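This is input-v3.pdb. It holds PDB, N, CA and C atoms.
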```
ATOM      1  N   MET A  20       1.088 -11.991   4.080
ATOM      2  CA  MET A  20       0.051 -12.638   4.848
ATOM      3  C   MET A  20      -0.958 -11.577   5.273
ATOM      4  N   THR A  21      -2.209 -11.853   5.120
ATOM      5  CA  THR A  21      -3.280 -10.940   5.507
ATOM      6  C   THR A  21      -4.094 -11.564   6.621
ATOM      7  N   LYS A  22      -4.331 -10.787   7.654
ATOM      8  CA  LYS A  22      -5.174 -11.227   8.757
ATOM      9  C   LYS A  22      -6.242 -10.171   8.996
ATOM     10  N   ARG A  23      -7.451 -10.580   9.193
ATOM     11  CA  ARG A  23      -8.524  -9.665   9.584
ATOM     12  C   ARG A  23      -8.772  -9.849  11.062
ATOM     13  N   ILE A  24      -8.757  -8.736  11.767
ATOM     14  CA  ILE A  24      -8.976  -8.773  13.202
ATOM     15  C   ILE A  24     -10.067  -7.771  13.531
ATOM     16  N   TYR A  25     -11.087  -8.216  14.220
ATOM     17  CA  TYR A  25     -12.186  -7.350  14.632
ATOM     18  C   TYR A  25     -12.101  -7.162  16.143
ATOM     19  N   LEU A  26     -12.125  -5.920  16.570
ATOM     20  CA  LEU A  26     -11.989  -5.596  17.986
ATOM     21  C   LEU A  26     -13.273  -4.932  18.473
ATOM     22  N   ASP A  27     -13.689  -5.296  19.674
ATOM     23  CA  ASP A  27     -14.962  -4.796  20.191
ATOM     24  C   ASP A  27     -14.835  -3.525  21.025
ATOM     25  N   THR A  28     -13.694  -3.331  21.682
ATOM     26  CA  THR A  28     -13.564  -2.193  22.593
ATOM     27  C   THR A  28     -12.249  -1.466  22.353
ATOM     28  N   LYS A  29     -12.163  -0.250  22.871
ATOM     29  CA  LYS A  29     -10.912   0.501  22.787
ATOM     30  C   LYS A  29      -9.802  -0.240  23.525
ATOM     31  N   GLN A  30     -10.134  -0.874  24.646
ATOM     32  CA  GLN A  30      -9.112  -1.623  25.388
ATOM     33  C   GLN A  30      -8.585  -2.791  24.559
ATOM     34  N   ASP A  31      -9.454  -3.446  23.786
ATOM     35  CA  ASP A  31      -8.996  -4.507  22.883
ATOM     36  C   ASP A  31      -7.994  -3.953  21.876
ATOM     37  N   THR A  32      -8.262  -2.753  21.389
ATOM     38  CA  THR A  32      -7.372  -2.109  20.420
ATOM     39  C   THR A  32      -6.024  -1.797  21.057
ATOM     40  N   ILE A  33      -6.049  -1.263  22.264
ATOM     41  CA  ILE A  33      -4.804  -0.965  22.988
ATOM     42  C   ILE A  33      -4.034  -2.258  23.250
ATOM     43  N   ASP A  34      -4.728  -3.302  23.641
ATOM     44  CA  ASP A  34      -4.075  -4.590  23.908
ATOM     45  C   ASP A  34      -3.413  -5.147  22.645
ATOM     46  N   LEU A  35      -4.071  -5.025  21.508
ATOM     47  CA  LEU A  35      -3.481  -5.492  20.257
ATOM     48  C   LEU A  35      -2.226  -4.692  19.920
ATOM     49  N   ALA A  36      -2.281  -3.385  20.082
ATOM     50  CA  ALA A  36      -1.114  -2.536  19.814
ATOM     51  C   ALA A  36       0.040  -2.926  20.727
ATOM     52  N   HIS A  37      -0.266  -3.195  21.986
ATOM     53  CA  HIS A  37       0.752  -3.608  22.959
ATOM     54  C   HIS A  37       1.369  -4.945  22.549
ATOM     55  N   PHE A  38       0.572  -5.861  22.020
ATOM     56  CA  PHE A  38       1.057  -7.160  21.581
ATOM     57  C   PHE A  38       1.934  -7.043  20.327
ATOM     58  N   ILE A  39       1.515  -6.193  19.386
ATOM     59  CA  ILE A  39       2.210  -6.084  18.104
ATOM     60  C   ILE A  39       3.504  -5.283  18.200
ATOM     61  N   ALA A  40       3.548  -4.272  19.030
ATOM     62  CA  ALA A  40       4.699  -3.354  19.084
ATOM     63  C   ALA A  40       6.046  -4.066  19.163
ATOM     64  N   PRO A  41       6.242  -5.030  20.060
ATOM     65  CA  PRO A  41       7.567  -5.657  20.134
ATOM     66  C   PRO A  41       7.902  -6.561  18.944
ATOM     67  N   LEU A  42       6.911  -6.873  18.129
ATOM     68  CA  LEU A  42       7.143  -7.712  16.960
ATOM     69  C   LEU A  42       7.662  -6.918  15.768
ATOM     70  N   LEU A  43       7.556  -5.596  15.841
ATOM     71  CA  LEU A  43       7.929  -4.741  14.720
ATOM     72  C   LEU A  43       9.379  -4.302  14.828
ATOM     73  N   GLY A  44      10.009  -4.222  13.691
ATOM     74  CA  GLY A  44      11.380  -3.734  13.640
ATOM     75  C   GLY A  44      11.523  -2.754  12.494
ATOM     76  N   PRO A  45      12.721  -2.259  12.276
ATOM     77  CA  PRO A  45      12.941  -1.328  11.162
ATOM     78  C   PRO A  45      12.481  -1.942   9.835
ATOM     79  N   GLY A  46      11.721  -1.176   9.092
ATOM     80  CA  GLY A  46      11.227  -1.628   7.798
ATOM     81  C   GLY A  46       9.926  -2.409   7.861
ATOM     82  N   SER A  47       9.391  -2.646   9.047
ATOM     83  CA  SER A  47       8.118  -3.360   9.159
ATOM     84  C   SER A  47       6.998  -2.525   8.557
ATOM     85  N   VAL A  48       6.037  -3.202   7.979
ATOM     86  CA  VAL A  48       4.888  -2.526   7.384
ATOM     87  C   VAL A  48       3.613  -3.132   7.963
ATOM     88  N   VAL A  49       2.745  -2.275   8.449
ATOM     89  CA  VAL A  49       1.424  -2.684   8.925
ATOM     90  C   VAL A  49       0.417  -1.868   8.132
ATOM     91  N   THR A  50      -0.505  -2.520   7.469
ATOM     92  CA  THR A  50      -1.536  -1.796   6.736
ATOM     93  C   THR A  50      -2.857  -1.928   7.478
ATOM     94  N   LEU A  51      -3.635  -0.868   7.407
ATOM     95  CA  LEU A  51      -4.931  -0.848   8.076
ATOM     96  C   LEU A  51      -6.000  -0.455   7.068
ATOM     97  N   ALA A  52      -7.140  -1.087   7.152
ATOM     98  CA  ALA A  52      -8.262  -0.742   6.286
ATOM     99  C   ALA A  52      -9.517  -0.708   7.138
ATOM    100  N   GLY A  53     -10.392   0.201   6.824
ATOM    101  CA  GLY A  53     -11.644   0.279   7.560
ATOM    102  C   GLY A  53     -12.383   1.551   7.221
ATOM    103  N   GLU A  54     -13.616   1.571   7.612
ATOM    104  CA  GLU A  54     -14.465   2.732   7.382
ATOM    105  C   GLU A  54     -13.962   3.932   8.174
ATOM    106  N   LEU A  55     -14.368   5.103   7.749
ATOM    107  CA  LEU A  55     -14.069   6.325   8.485
ATOM    108  C   LEU A  55     -14.619   6.181   9.898
ATOM    109  N   GLY A  56     -13.787   6.440  10.886
ATOM    110  CA  GLY A  56     -14.226   6.343  12.276
ATOM    111  C   GLY A  56     -14.169   4.941  12.862
ATOM    112  N   SER A  57     -13.481   4.026  12.178
ATOM    113  CA  SER A  57     -13.456   2.643  12.667
ATOM    114  C   SER A  57     -12.363   2.375  13.694
ATOM    115  N   GLY A  58     -11.468   3.355  13.933
ATOM    116  CA  GLY A  58     -10.461   3.183  14.976
ATOM    117  C   GLY A  58      -9.040   3.013  14.488
ATOM    118  N   LYS A  59      -8.805   3.221  13.193
ATOM    119  CA  LYS A  59      -7.448   3.064  12.655
ATOM    120  C   LYS A  59      -6.467   4.025  13.312
ATOM    121  N   THR A  60      -6.822   5.295  13.413
ATOM    122  CA  THR A  60      -5.924   6.276  14.025
ATOM    123  C   THR A  60      -5.752   5.992  15.505
ATOM    124  N   PHE A  61      -6.801   5.578  16.180
ATOM    125  CA  PHE A  61      -6.699   5.217  17.593
ATOM    126  C   PHE A  61      -5.674   4.100  17.769
ATOM    127  N   PHE A  62      -5.723   3.087  16.901
ATOM    128  CA  PHE A  62      -4.764   1.987  16.953
ATOM    129  C   PHE A  62      -3.343   2.481  16.701
ATOM    130  N   VAL A  63      -3.167   3.310  15.689
ATOM    131  CA  VAL A  63      -1.832   3.811  15.364
ATOM    132  C   VAL A  63      -1.278   4.668  16.496
ATOM    133  N   LYS A  64      -2.120   5.459  17.127
ATOM    134  CA  LYS A  64      -1.660   6.257  18.277
ATOM    135  C   LYS A  64      -1.221   5.353  19.421
ATOM    136  N   ALA A  65      -1.978   4.298  19.693
ATOM    137  CA  ALA A  65      -1.596   3.364  20.754
ATOM    138  C   ALA A  65      -0.307   2.638  20.385
ATOM    139  N   LEU A  66      -0.202   2.202  19.143
ATOM    140  CA  LEU A  66       1.007   1.522  18.688
ATOM    141  C   LEU A  66       2.209   2.447  18.784
ATOM    142  N   GLY A  67       2.043   3.689  18.352
ATOM    143  CA  GLY A  67       3.124   4.668  18.443
ATOM    144  C   GLY A  67       3.575   4.894  19.871
ATOM    145  N   ALA A  68       2.640   4.943  20.786
ATOM    146  CA  ALA A  68       2.980   5.132  22.205
ATOM    147  C   ALA A  68       3.818   3.959  22.707
ATOM    148  N   PHE A  69       3.432   2.742  22.344
ATOM    149  CA  PHE A  69       4.191   1.567  22.786
ATOM    150  C   PHE A  69       5.560   1.485  22.111
ATOM    151  N   LEU A  70       5.686   2.104  20.933
ATOM    152  CA  LEU A  70       6.977   2.121  20.240
ATOM    153  C   LEU A  70       7.845   3.302  20.671
ATOM    154  N   GLY A  71       7.311   4.159  21.540
ATOM    155  CA  GLY A  71       8.080   5.297  22.035
ATOM    156  C   GLY A  71       8.101   6.492  21.095
ATOM    157  N   ILE A  72       7.168   6.541  20.154
ATOM    158  CA  ILE A  72       7.091   7.664  19.224
ATOM    159  C   ILE A  72       6.483   8.850  19.961
ATOM    160  N   GLN A  73       7.210   9.952  19.957
ATOM    161  CA  GLN A  73       6.752  11.127  20.706
ATOM    162  C   GLN A  73       6.086  12.170  19.822
ATOM    163  N   GLU A  74       6.247  12.075  18.508
ATOM    164  CA  GLU A  74       5.594  13.018  17.607
ATOM    165  C   GLU A  74       4.089  12.772  17.620
ATOM    166  N   GLU A  75       3.337  13.837  17.395
ATOM    167  CA  GLU A  75       1.875  13.715  17.351
ATOM    168  C   GLU A  75       1.473  12.908  16.126
ATOM    169  N   ILE A  76       0.537  12.026  16.307
ATOM    170  CA  ILE A  76       0.025  11.208  15.208
ATOM    171  C   ILE A  76      -1.386  11.669  14.916
ATOM    172  N   ASP A  77      -1.616  12.091  13.674
ATOM    173  CA  ASP A  77      -2.923  12.573  13.242
ATOM    174  C   ASP A  77      -3.444  11.710  12.107
ATOM    175  N   SER A  78      -4.732  11.701  11.926
ATOM    176  CA  SER A  78      -5.350  10.996  10.823
ATOM    177  C   SER A  78      -5.290  11.851   9.572
ATOM    178  N   PRO A  79      -4.815  11.294   8.452
ATOM    179  CA  PRO A  79      -4.816  12.063   7.206
ATOM    180  C   PRO A  79      -6.216  12.382   6.717
ATOM    181  N   SER A  80      -7.218  11.587   7.072
ATOM    182  CA  SER A  80      -8.576  11.853   6.593
ATOM    183  C   SER A  80      -9.211  13.044   7.304
ATOM    184  N   PHE A  81      -8.713  13.423   8.484
ATOM    185  CA  PHE A  81      -9.277  14.598   9.141
ATOM    186  C   PHE A  81      -8.959  15.867   8.361
ATOM    187  N   VAL A  82      -7.900  15.839   7.561
ATOM    188  CA  VAL A  82      -7.544  16.994   6.728
ATOM    189  C   VAL A  82      -8.604  17.207   5.659
ATOM    190  N   LEU A  83      -9.162  16.109   5.159
ATOM    191  CA  LEU A  83     -10.174  16.192   4.103
ATOM    192  C   LEU A  83     -11.422  16.817   4.667
TER     193      LEU A  83
END
```
For the structure just supplied, provide its representation as structure tokens.
Amino acid sequence: MTKRIYLDTKQDTIDLAHFIAPLLGPGSVVTLAGELGSGKTFFVKALGAFLGIQEEIDSPSFVL
């Protein structure tokens, strides 16, 4: 199932991550698509925080 969600603010992004986190379990897959700088890493960092991930989360595109 594919859903497109457009968020207007950083708080909207944090709220979405907070909503999605408890729905995920082992083996869950979430894919993100968007332009460079569209907030994908910001979302993943927020999601990771709600999931209790303590490792640093970096964007792979910043390496490029």
Once the PyMOL selection byres ((chain A and resi 64-70) around 8) has been applied to the shown file, what residues remain in the selection, as JSON, numbers by chain? {"A": [32, 33, 34, 35, 36, 37, 39, 40, 41, 58, 59, 60, 61, 62, 63, 71, 72, 73, 74, 75, 76, 77]}
Hey, can you check how far atom C of Asp31 of chain A sits from atom CA of Pro45 of chain A?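 Result for atom C of Asp31 of chain A versus atom CA of Pro45 of chain A: 23.7 Å, one decimal.
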Separation of atom CA of Asp27 of chain A from atom CA of Gly44 of chain A, in Å and rounded to one decimal: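 About the pair atom CA of Asp27 of chain A and atom CA of Gly44 of chain A: they are 27.2 Å apart.
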Mind pulling up the distance from atom N of Leu43 of chain A to atom N of Pro79 of chain A?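 Interatomic distance, atom N of Pro79 of chain A to atom N of Leu43 of chain A: 22.2 Å.
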Would you output segment 21-65 of chain A from that structure, restricted to N, CA and C atoms, as a short mmCIF file (atom, residue, chain, number, x, y, z; two decimals), in the first residue's frame?
```cif
data_model
loop_
_atom_site.label_atom_id
_atom_site.label_comp_id
_atom_site.auth_asym_id
_atom_site.auth_seq_id
_atom_site.Cartn_x
_atom_site.Cartn_y
_atom_site.Cartn_z
N THR A 21 0.60 2.18 -0.82
CA THR A 21 1.35 3.43 -0.91
C THR A 21 0.47 4.58 -0.50
N LYS A 22 0.99 5.42 0.37
CA LYS A 22 0.28 6.63 0.78
C LYS A 22 1.21 7.82 0.59
N ARG A 23 0.71 8.88 0.06
CA ARG A 23 1.47 10.13 -0.02
C ARG A 23 0.96 11.05 1.06
N ILE A 24 1.89 11.57 1.84
CA ILE A 24 1.53 12.46 2.92
C ILE A 24 2.39 13.71 2.79
N TYR A 25 1.75 14.86 2.76
CA TYR A 25 2.46 16.13 2.68
C TYR A 25 2.32 16.84 4.02
N LEU A 26 3.44 17.27 4.56
CA LEU A 26 3.45 17.91 5.87
C LEU A 26 3.93 19.35 5.72
N ASP A 27 3.30 20.25 6.45
CA ASP A 27 3.61 21.67 6.30
C ASP A 27 4.68 22.17 7.27
N THR A 28 4.78 21.56 8.44
CA THR A 28 5.70 22.08 9.46
C THR A 28 6.52 20.95 10.06
N LYS A 29 7.60 21.32 10.73
CA LYS A 29 8.41 20.33 11.43
C LYS A 29 7.58 19.64 12.51
N GLN A 30 6.71 20.38 13.18
CA GLN A 30 5.87 19.77 14.21
C GLN A 30 4.93 18.73 13.60
N ASP A 31 4.42 18.98 12.40
CA ASP A 31 3.60 17.98 11.71
C ASP A 31 4.41 16.70 11.48
N THR A 32 5.67 16.87 11.12
CA THR A 32 6.55 15.73 10.88
C THR A 32 6.78 14.94 12.16
N ILE A 33 7.04 15.65 13.25
CA ILE A 33 7.23 15.00 14.55
C ILE A 33 5.95 14.27 14.96
N ASP A 34 4.82 14.90 14.76
CA ASP A 34 3.53 14.28 15.12
C ASP A 34 3.29 13.00 14.32
N LEU A 35 3.63 13.01 13.04
CA LEU A 35 3.47 11.81 12.22
C LEU A 35 4.38 10.70 12.72
N ALA A 36 5.62 11.02 13.04
CA ALA A 36 6.56 10.02 13.56
C ALA A 36 6.04 9.44 14.86
N HIS A 37 5.49 10.29 15.72
CA HIS A 37 4.93 9.84 17.00
C HIS A 37 3.74 8.91 16.76
N PHE A 38 2.92 9.18 15.75
CA PHE A 38 1.78 8.35 15.43
C PHE A 38 2.20 7.00 14.85
N ILE A 39 3.21 7.01 13.98
CA ILE A 39 3.63 5.79 13.29
C ILE A 39 4.45 4.86 14.17
N ALA A 40 5.26 5.39 15.05
CA ALA A 40 6.20 4.58 15.84
C ALA A 40 5.55 3.36 16.50
N PRO A 41 4.43 3.50 17.20
CA PRO A 41 3.87 2.31 17.85
C PRO A 41 3.26 1.29 16.88
N LEU A 42 3.08 1.68 15.63
CA LEU A 42 2.53 0.77 14.64
C LEU A 42 3.58 -0.15 14.04
N LEU A 43 4.85 0.18 14.25
CA LEU A 43 5.95 -0.57 13.65
C LEU A 43 6.42 -1.68 14.56
N GLY A 44 6.77 -2.78 13.95
CA GLY A 44 7.33 -3.90 14.70
C GLY A 44 8.54 -4.44 13.97
N PRO A 45 9.12 -5.50 14.49
CA PRO A 45 10.28 -6.10 13.82
C PRO A 45 9.95 -6.46 12.37
N GLY A 46 10.82 -6.07 11.47
CA GLY A 46 10.63 -6.37 10.06
C GLY A 46 9.80 -5.35 9.31
N SER A 47 9.28 -4.33 9.99
CA SER A 47 8.50 -3.30 9.30
C SER A 47 9.39 -2.52 8.35
N VAL A 48 8.81 -2.09 7.25
CA VAL A 48 9.55 -1.31 6.27
C VAL A 48 8.77 -0.03 5.99
N VAL A 49 9.46 1.09 6.08
CA VAL A 49 8.89 2.39 5.73
C VAL A 49 9.81 2.98 4.67
N THR A 50 9.27 3.33 3.53
CA THR A 50 10.09 3.95 2.49
C THR A 50 9.74 5.43 2.41
N LEU A 51 10.75 6.22 2.11
CA LEU A 51 10.56 7.66 2.00
C LEU A 51 11.11 8.13 0.66
N ALA A 52 10.42 9.04 0.04
CA ALA A 52 10.89 9.62 -1.22
C ALA A 52 10.68 11.12 -1.15
N GLY A 53 11.59 11.85 -1.73
CA GLY A 53 11.45 13.30 -1.75
C GLY A 53 12.73 13.95 -2.22
N GLU A 54 12.61 15.20 -2.53
CA GLU A 54 13.75 15.99 -2.98
C GLU A 54 14.77 16.14 -1.86
N LEU A 55 15.98 16.45 -2.24
CA LEU A 55 17.03 16.75 -1.27
C LEU A 55 16.56 17.90 -0.39
N GLY A 56 16.64 17.73 0.91
CA GLY A 56 16.22 18.78 1.83
C GLY A 56 14.73 18.81 2.13
N SER A 57 14.02 17.74 1.77
CA SER A 57 12.57 17.76 1.97
C SER A 57 12.14 17.30 3.35
N GLY A 58 13.08 16.80 4.18
CA GLY A 58 12.74 16.44 5.55
C GLY A 58 12.75 14.96 5.85
N LYS A 59 13.24 14.14 4.92
CA LYS A 59 13.27 12.69 5.15
C LYS A 59 14.11 12.33 6.37
N THR A 60 15.31 12.88 6.47
CA THR A 60 16.18 12.57 7.61
C THR A 60 15.59 13.12 8.90
N PHE A 61 14.99 14.29 8.85
CA PHE A 61 14.34 14.86 10.03
C PHE A 61 13.26 13.90 10.53
N PHE A 62 12.46 13.35 9.62
CA PHE A 62 11.42 12.39 9.98
C PHE A 62 12.02 11.13 10.59
N VAL A 63 13.06 10.60 9.97
CA VAL A 63 13.68 9.38 10.47
C VAL A 63 14.30 9.60 11.85
N LYS A 64 14.89 10.76 12.06
CA LYS A 64 15.44 11.06 13.39
C LYS A 64 14.34 11.12 14.44
N ALA A 65 13.21 11.74 14.10
CA ALA A 65 12.09 11.81 15.04
C ALA A 65 11.52 10.41 15.29
#
```
